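J.: This structure is in structure tokens; I'll ask about it shortly.
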Amino acid sequence: MRWQAHPVLAVCTTLGLWAAWALPVARLAPNRLLSGEPVFLSALLPGWAGWMVLPLIVLVFSPTQAPAPIPTVSAPGGLMDRWHPVTTLLLMAALLAGLFWLVGRYAQQVTFTESRLARTSLGAGFWSLLALAWLASLDAVQHLTRSAVLRHALMGGVALPFVTLLMLGVGHDLSILKEYANRDDVFWTAVRRHLQIVAVATLPSVLLALPLAWACSRFTRLRQAVFPLLNIIQTIPSIALFGLFMAPLAWLALRFPALSQAGISGVGLAPAVLALVLYSLLPITRSALAGLDQVPEATQTAARAMGMSAGQIFWRVELPLALPVLLPGLRTAVVQTIGLAAVTALVGAGGLGSLMFDGLFSAANDLVLLGVLPIVLLAMLVDALFKAAISFTRPATVLDGAPPVAQLADAGRYTA
Amino acid sequence: MIEFQNIGKSYDGVMAVDNLNLHIAQGELVVFIGPSGSGKSTALKMINRMIDHDRGHILLEGREIDSFDVRELRRRMGYAIQSVGLFPHWTVARNIATVPQLLGWPRERIHQRVCELLTLFGMAPAQFLQRLPHQLSGGQQQRVGVARALAADPAVLLMDEPFGALDPVTRATLQLELKRVHQSSGKTIVLVTHDIDEALLLADRIVLLNHGQVVQVATPLALLSNPADDFVLDFVGRADLGIKLLSLKPVAPLVCRAPAPPGSPTLANTASLREAVATLAVHGASVLSIVNLQQEVVGSLHAADVFSPATPSHG
Amino acid sequence: MMSTWRRNFLLAAGVTVLLGSSWMAQAQTAAPLRVGSKIDTEGKLLGNLIVLALEAQGLKVDNKVSLGNTKVVRTALVAGEIDIYPEYTGNGAFMLGDEGNKAWKDLRAGYELVKKLDLERNHIVWLEPANANNTWAIAVRKDVASANQLRTLDDLAKFAAGAGPFKLAASAEFMERPDGLPAFTAAYGLKLRPDQTLVLAGGDTAATLRAAAEKTSGVNAAMAYGTDGPVAALSLVIMQDPKGAQPVYAPAPLVREDVLKRHPVIATVLAPIFKSLDTETLQQLNARIQLEGIDARKVAGDYLRSKGFIK
């Protein structure tokens, strides 16, 4: 046992203390359009609350065992060995929930003291503390388990009290939640639409990229021609690409009314999806190709020699072996698409971007946040789901009774 | 079973295989051997059309291999390679079951066959069925590779330097296992190697190639006794010729019934004369006590008989 | 284990269903009415009023409210991409030429003029207008206005040319269109140096008003509309236009002639609704959207129900 400061927790605590003192945790504005006056945490907390920092300091400087940052899956570690990260997680969950409750209560009080139009927004201090608590929690779960699924579940657990308070209506007087309340059906339509855009853009991209990658793995010259082209497409600014498609699609819809009936026009889903498909091509093709490239040659030879057809070799051997490389590329593409889909609102495709731009043009910051936050959360959720899927494609860990040679080979193989 | 007729294959003007004519009978274990670039691997791969021949014909059971659907042809032949090429994402059972599944065998039959093969290679099914390839040692992987090649009970088994990447002990073990499998199954096996000792141990007939051309086709004994030219002599190991010949001869014909004096060193009755000479020399003895598998004494071997061409001096 | 073919077929079928259903969601069946609007607050309000009113009549409506700026929406109507959108009579002066005509300074005269011209040239029908003037205006911070006794645009012109720090936040459209700043320049000699203007994207005055209210980048005046809601709430004062430099901008629905012929009920339904909208009403409705943050469709629906136009 030795005394050492936990570096990540120390940094987060230091920054957090500074943020809590220097940055406003909320802003009070006379109406929806103005920015408002800062409200600091010190104003919301009673004097003795300063002592609540103490447990955090204790955690930062707690004794810990000699460095074993990542426990092996089969290590016996019981609850006593893991008290530090568990306590950290509990503390962070309480911090998040407590902070939200404080600000929510303040917003509620404000509705009695200020005019009907007054708005309370979440301030920079709140967001900073949120981010720092999240970081500290991320660090703590690293020390608790190696399983990607469990890690995400624990992070979800940290957010649970916060979310519960949200569901219970604490904070419904906050500006962002008022914006939501004023247009909740529009919001959910936008969310559905956003997901629709992402799905309709990703699927064709995958269907195009896989054969393309397969062809590139066969013909080197094709590889040399395709990737520069995809790289160039990637560099075109998104709004420009959406705009570029509007005129040709409008002309097409005019020339062929059948297309117009099917919903293809110069504005809306069509130019958006077309551009998003093109943007997704590069990451997916590149990772699919890298995945196919790393399939061992001996395996491919054996598959051929056993009488598998090219299709069977692709679907049963090459693709499953390429998955651990393909899935991260697909993850990149989907997360990228979630973000880019926000811009499609400019060409009339709807989605969460329309809320965002609505807020921008009507100078209502919290409306912008109402559009942006779900996009961020969506991206995080999709990222987590992909990470879990990727962890399932890794080969199983060592079984009992396997000869020592195999175990040695495995030791270097598995990182989280 | 397999017939090569005037087979030729060239790469960029260089003949990799030149005018190969060979008949392989059913149940034979034929070894293609030669220095690097001799065309031995190329010749092997032409049998299951992994490489297409430029000239000539290859017949399988009297039928041109070009007339078969290539996938059907390959499913009728087992193929084992040096790097094994097991499918890393499938269990041992699924790997072995590859061709039977392609052929549409029922599940029980496949399972039965997989367990049968694992047992044949000395790997307990209960332990190994669900293992993944990376959890196996090199020798175990190659055993699974050969089992996979044999799974659909093909008439022909093609092997391209299958034991080249293994350590000497495992190699020796697997060579003996292969010999045993060949003897019990009666399959036609075509094996490529660069190791003359392996060839001498396993082959019914050896085909020695050099620069794509056949230098000599003979049984191991004939190859050692009557090498066709200096190249063959050098290849089989000029200096070791005698020792190698001895390793091909069993002790049984020279064993006499009379027991050996007590304290004599023992030797198994399945041993070769080479081992007998070595044992005699190491112990400085002149008589060996010969025992069977159950360690019972069955007779004796006299040094004088080993080194003389006549029949046993003692009864 | 499923055979390869069966699995491939199911996969392809699944993909088709997914794609197909997405397109279906977009697909249009029996030519619905496409209602568009500009992306500013009042555009959304008027657009939604039209959408809800027509839907209540049992007509199929495709909601394309908030399509784009004036040019985009007008082009879409002329090209036939949309069927109806709310426009301002004053805009006719510049869309159809004939800016000099004095008729634009009068609501009724201007309306009749634009109605005649557009029907002749483009087969577009201007329906009954509202009795409101959503003209361009300049709003100044109350403290600046009272400190310098600024009441009319005349005062403002002198102030801007003189020593007083003055910065106007406005949209590009306002700066460039002849009936925007140039009209004020012509009537009052209001000349602004480049450092006295801040050009913002988009035509919504919420951004410009906010900039003036918060003194962002030294802004103390903002482009505003006659029917803007938040002006008073943000402590801003609109400079009066005694010389009548601006044409009258009365909102009215525009509809393609062929569409109107197919559905003449459009005119009868929308006329009383637009007649009920005067400047004050529009200001209140706009304030609900901009200051209270209620969604435009809800505000429109509440209004129509309160006046008994729909149930």
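In the structure tokens, each chain is lettered A, B, ... as it comes, each chain's residues begin at 1, and ligands are numbered from 1 in order of appearance.
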If DSSP is run on the backbone, what residues of region 98-283 of chain C are strand (DSSP E or B)? A reply as a ChimeraX atom specification would be ideal.
T.: /C:124-126,131,136-141,152,168-171,197-200,221-225,236-238,240,251-256,278
J.: Hey, list the chain A side of the contact with chain B: 6 Å cut-off, only C-alpha atoms, answer as a PyMOL selection string.
T.: chain A and resi 298-299+302+305-307+406
J.: Write the residues of the selection above to a file with C-alpha atoms, as a short mmCIF file (atom, residue, chain, number, x, y, z; two decimals), in the first residue's frame.
T.:
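Listed below is the output, selection16.cif:
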```cif
data_model
loop_
_atom_site.label_atom_id
_atom_site.label_comp_id
_atom_site.auth_asym_id
_atom_site.auth_seq_id
_atom_site.Cartn_x
_atom_site.Cartn_y
_atom_site.Cartn_z
CA ALA A 298 -3.29 -19.16 -45.74
CA THR A 299 -6.93 -19.00 -44.67
CA ALA A 302 -7.41 -23.12 -47.63
CA ALA A 305 -8.78 -25.32 -51.93
CA MET A 306 -11.71 -26.75 -50.05
CA GLY A 307 -14.04 -25.90 -52.87
CA ALA A 406 -1.62 -20.71 -26.25
#
```
J.: Between CA of His53 (chain B) and CA of Asn6 (chain B), what is the distance in Å, rounded to a tenth?
T.: 10.2 Å
J.: What's around Val114 (chain C) at 12 Å? Count only C-alpha atoms, leave out sequence neighbours fewer than 2 positions away in its own chain, and write the answer as a PyMOL selection string.
T.: chain C and resi 87-99+101+103-104+106-112+116-129+248-250+252+254
J.: Based on DSSP run over this structure's backbone, return all residues of region 17-205 of chain C in alpha helix (DSSP H), as a PyMOL selection string.
T.: chain C and resi 17-26+41-56+70-79+92-95+107-122+142-147+153-161+172-176+181-188+205
J.: Can you build me a table of region 31-66 of chain C residues sitting at most 12 Å from region 286-306 of chain C, with the closest atom pair per residue and its distance in Å to one decimal, using only C-alpha atoms, sorted by chain and residue number, as a tab-separated table?
T.:
```
residue	atom	partner	partner_atom	distance
C:Ile39	CA	C:Ala296	CA	11.3
C:Asp40	CA	C:Asn286	CA	10.3
C:Thr41	CA	C:Asn286	CA	6.8
C:Glu42	CA	C:Asn286	CA	6.4
C:Gly43	CA	C:Ala296	CA	9.4
C:Lys44	CA	C:Ala296	CA	6.1
C:Leu45	CA	C:Ala296	CA	5.3
C:Leu46	CA	C:Ala300	CA	7.7
C:Gly47	CA	C:Arg297	CA	8.7
C:Asn48	CA	C:Arg297	CA	5.4
C:Leu49	CA	C:Ala300	CA	5.2
C:Ile50	CA	C:Ala300	CA	9.0
C:Val51	CA	C:Arg297	CA	9.0
C:Leu52	CA	C:Gly301	CA	6.8
C:Ala53	CA	C:Leu304	CA	7.8
C:Leu54	CA	C:Leu304	CA	11.6
C:Glu55	CA	C:Gly301	CA	11.3
C:Ala56	CA	C:Leu304	CA	10.4
C:Asn63	CA	C:Arg297	CA	10.8
C:Val65	CA	C:Arg297	CA	9.9
C:Ser66	CA	C:Ala296	CA	10.7
```
J.: Please, could you write that set of residues out with N, CA and C atoms as a CSV table (one decimal), in the first residue's frame?
T.:
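result_13.csv, freshly written:
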```
chain,number,residue,atom,x,y,z
C,39,ILE,N,-38.5,31.9,-43.9
C,39,ILE,CA,-38.1,31.3,-42.6
C,39,ILE,C,-38.1,32.3,-41.4
C,40,ASP,N,-38.6,33.5,-41.6
C,40,ASP,CA,-38.7,34.4,-40.4
C,40,ASP,C,-39.9,34.1,-39.6
C,41,THR,N,-40.0,34.6,-38.4
C,41,THR,CA,-41.1,34.3,-37.5
C,41,THR,C,-42.5,34.5,-38.1
C,42,GLU,N,-42.7,35.7,-38.7
C,42,GLU,CA,-44.0,35.9,-39.2
C,42,GLU,C,-44.4,35.0,-40.3
C,43,GLY,N,-43.3,34.7,-41.1
C,43,GLY,CA,-43.5,33.7,-42.2
C,43,GLY,C,-44.0,32.4,-41.7
C,44,LYS,N,-43.4,32.0,-40.6
C,44,LYS,CA,-43.9,30.7,-40.0
C,44,LYS,C,-45.3,30.8,-39.5
C,45,LEU,N,-45.6,31.9,-38.9
C,45,LEU,CA,-46.9,32.1,-38.3
C,45,LEU,C,-48.0,32.1,-39.4
C,46,LEU,N,-47.8,32.9,-40.4
C,46,LEU,CA,-48.7,33.0,-41.5
C,46,LEU,C,-48.8,31.7,-42.3
C,47,GLY,N,-47.7,31.0,-42.5
C,47,GLY,CA,-47.7,29.8,-43.2
C,47,GLY,C,-48.5,28.7,-42.4
C,48,ASN,N,-48.3,28.7,-41.1
C,48,ASN,CA,-49.0,27.7,-40.3
C,48,ASN,C,-50.5,28.0,-40.3
C,49,LEU,N,-50.8,29.3,-40.3
C,49,LEU,CA,-52.2,29.7,-40.3
C,49,LEU,C,-52.9,29.1,-41.6
C,50,ILE,N,-52.2,29.3,-42.7
C,50,ILE,CA,-52.7,28.8,-44.0
C,50,ILE,C,-52.9,27.2,-43.9
C,51,VAL,N,-51.8,26.6,-43.4
C,51,VAL,CA,-51.8,25.1,-43.4
C,51,VAL,C,-53.0,24.6,-42.5
C,52,LEU,N,-53.1,25.2,-41.3
C,52,LEU,CA,-54.2,24.7,-40.4
C,52,LEU,C,-55.6,25.0,-41.0
C,53,ALA,N,-55.7,26.2,-41.6
C,53,ALA,CA,-57.0,26.5,-42.1
C,53,ALA,C,-57.4,25.6,-43.3
C,54,LEU,N,-56.5,25.3,-44.1
C,54,LEU,CA,-56.8,24.4,-45.3
C,54,LEU,C,-57.1,23.0,-44.8
C,55,GLU,N,-56.3,22.6,-43.9
C,55,GLU,CA,-56.4,21.2,-43.4
C,55,GLU,C,-57.8,21.0,-42.7
C,56,ALA,N,-58.3,22.1,-42.0
C,56,ALA,CA,-59.6,22.0,-41.4
C,56,ALA,C,-60.7,21.9,-42.4
C,63,ASN,N,-46.9,20.4,-45.7
C,63,ASN,CA,-46.3,21.5,-45.0
C,63,ASN,C,-44.9,21.8,-45.3
C,65,VAL,N,-43.5,24.8,-44.7
C,65,VAL,CA,-43.3,26.1,-44.1
C,65,VAL,C,-41.8,26.2,-43.8
C,66,SER,N,-41.3,27.5,-43.7
C,66,SER,CA,-39.8,27.7,-43.4
C,66,SER,C,-38.9,27.1,-44.5
```
J.: Find the distance between CA of Ser225 (chain B) and CA of Lys249 (chain B) and write it in Å to one decimal.
T.: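 Value for the CA of Ser225 (chain B)-CA of Lys249 (chain B) distance: 12.3 Å.
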J.: Write out as a list in words the residues lying within 10 Å of region 5-12 of chain A, counting only C-alpha atoms and excluding same-chain residues fewer than 6 positions away.
T.: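 Answer for this query is Trp18, Leu56, Ile57, Val58, Leu59, Val60, Phe61, Ser62, Pro63, Thr64, Thr88, Leu129, Ala131, Leu132, Ala133, Trp134, Leu135, Ala136, Ser137, Leu138, Asp139 and Ala140 of chain A.
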J.: For C-alpha atoms, I'd like the residues from the last selection saved as a short mmCIF file (atom, residue, chain, number, x, y, z; two decimals), in the first residue's frame.
T.:
```cif
data_model
loop_
_atom_site.label_atom_id
_atom_site.label_comp_id
_atom_site.auth_asym_id
_atom_site.auth_seq_id
_atom_site.Cartn_x
_atom_site.Cartn_y
_atom_site.Cartn_z
CA TRP A 18 -12.19 26.28 -10.18
CA LEU A 56 -13.54 14.27 -2.88
CA ILE A 57 -10.16 15.40 -1.56
CA VAL A 58 -9.97 12.21 0.45
CA LEU A 59 -10.63 10.12 -2.62
CA VAL A 60 -8.00 11.98 -4.59
CA PHE A 61 -5.30 11.22 -2.05
CA SER A 62 -6.43 7.75 -0.96
CA PRO A 63 -4.03 4.89 -0.46
CA THR A 64 -4.04 2.43 -3.23
CA THR A 88 -15.85 7.73 -7.06
CA LEU A 129 -18.88 20.28 -13.96
CA ALA A 131 -18.06 17.12 -18.30
CA LEU A 132 -15.54 16.78 -15.47
CA ALA A 133 -17.77 14.44 -13.49
CA TRP A 134 -18.22 12.35 -16.63
CA LEU A 135 -14.46 12.20 -17.17
CA ALA A 136 -13.80 11.18 -13.59
CA SER A 137 -16.43 8.45 -13.93
CA LEU A 138 -14.86 7.22 -17.16
CA ASP A 139 -11.55 6.90 -15.38
CA ALA A 140 -13.14 5.02 -12.50
#
```
J.: Can you tell me how far CA of Leu282 (chain C) sits from CA of Val140 (chain C), in Å to one decimal?
T.: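 For CA of Leu282 (chain C) relative to CA of Val140 (chain C), the distance reads 20.9 Å.
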J.: Might you pull out every residue within 10 Å of Asn210 (chain B), with only C-alpha atoms counted and same-chain residues fewer than 6 positions away left off, and present them as a list in words?
T.: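 Result of the neighbour search: Ala16, Val17, Asp18, Ile33, Gly34, Pro35, Ser36, Gly37, Ser38, Gly39, Lys40, Gln216, Phe231 and Val232 of chain B.
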J.: Pick the closest to chain A from C:Pro272, C:Gly226, C:Pro86, C:Gly203: which is it, counting only C-alpha atoms?
T.: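 Going through C:Pro272, C:Gly226, C:Pro86, C:Gly203 one by one, the smallest distance to chain A is for C:Gly203.
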J.: Kindly provide, as a ChimeraX atom specification, the residues of chain A having any atom no farther than 6 Å from an atom of chain C, counting only C-alpha atoms.
T.: /A:32,182-183,261-263,361-363
J.: Tell me, as an mmCIF file with N, CA and C atoms, in the first residue's frame, which residues lie within 9 Å of Arg113 (chain B), counting only C-alpha atoms; anything in the same chain fewer than 6 positions away does not count.
T.:
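After the write, selection-v5.cif holds the following:
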```
data_model
loop_
_atom_site.group_PDB
_atom_site.id
_atom_site.type_symbol
_atom_site.label_atom_id
_atom_site.label_comp_id
_atom_site.auth_asym_id
_atom_site.auth_seq_id
_atom_site.Cartn_x
_atom_site.Cartn_y
_atom_site.Cartn_z
ATOM 1 N N ILE B 96 -13.141 -28.423 -38.932
ATOM 2 C CA ILE B 96 -13.065 -29.756 -39.521
ATOM 3 C C ILE B 96 -14.304 -30.031 -40.360
ATOM 4 N N ALA B 97 -15.426 -29.457 -39.927
ATOM 5 C CA ALA B 97 -16.693 -29.756 -40.598
ATOM 6 C C ALA B 97 -16.881 -28.984 -41.893
ATOM 7 N N ALA B 151 -11.851 -34.745 -43.618
ATOM 8 C CA ALA B 151 -13.203 -34.807 -43.057
ATOM 9 C C ALA B 151 -14.227 -35.446 -43.981
ATOM 10 N N ALA B 152 -14.214 -35.060 -45.233
ATOM 11 C CA ALA B 152 -15.242 -35.580 -46.135
ATOM 12 C C ALA B 152 -14.850 -36.908 -46.744
#
```
J.: I'd like the contact shell of Leu246 (chain B) - 12 Å cut-off, only C-alpha atoms, skipping same-chain residues fewer than 3 positions apart - returned as a VMD selection string.
T.: chain B and resid 200 to 201 220 to 221 224 to 225 240 to 243 249 to 251 271 to 278 306 to 307
J.: Considering only C-alpha atoms, tabulate each residue of region 31-135 of chain C that lies at most 12 Å from region 155-176 of chain C along with its nearest interatomic pair and the corresponding distance in Å to one decimal; arrange the rows by chain and ascending residue number and present them as CSV.
T.:
```
residue,atom,partner,partner_atom,distance
C:Asp40,CA,C:Ser171,CA,11.8
C:Asn69,CA,C:Glu173,CA,9.4
C:Thr70,CA,C:Glu173,CA,9.4
C:Lys71,CA,C:Glu173,CA,10.3
C:Thr135,CA,C:Phe174,CA,11.3
```
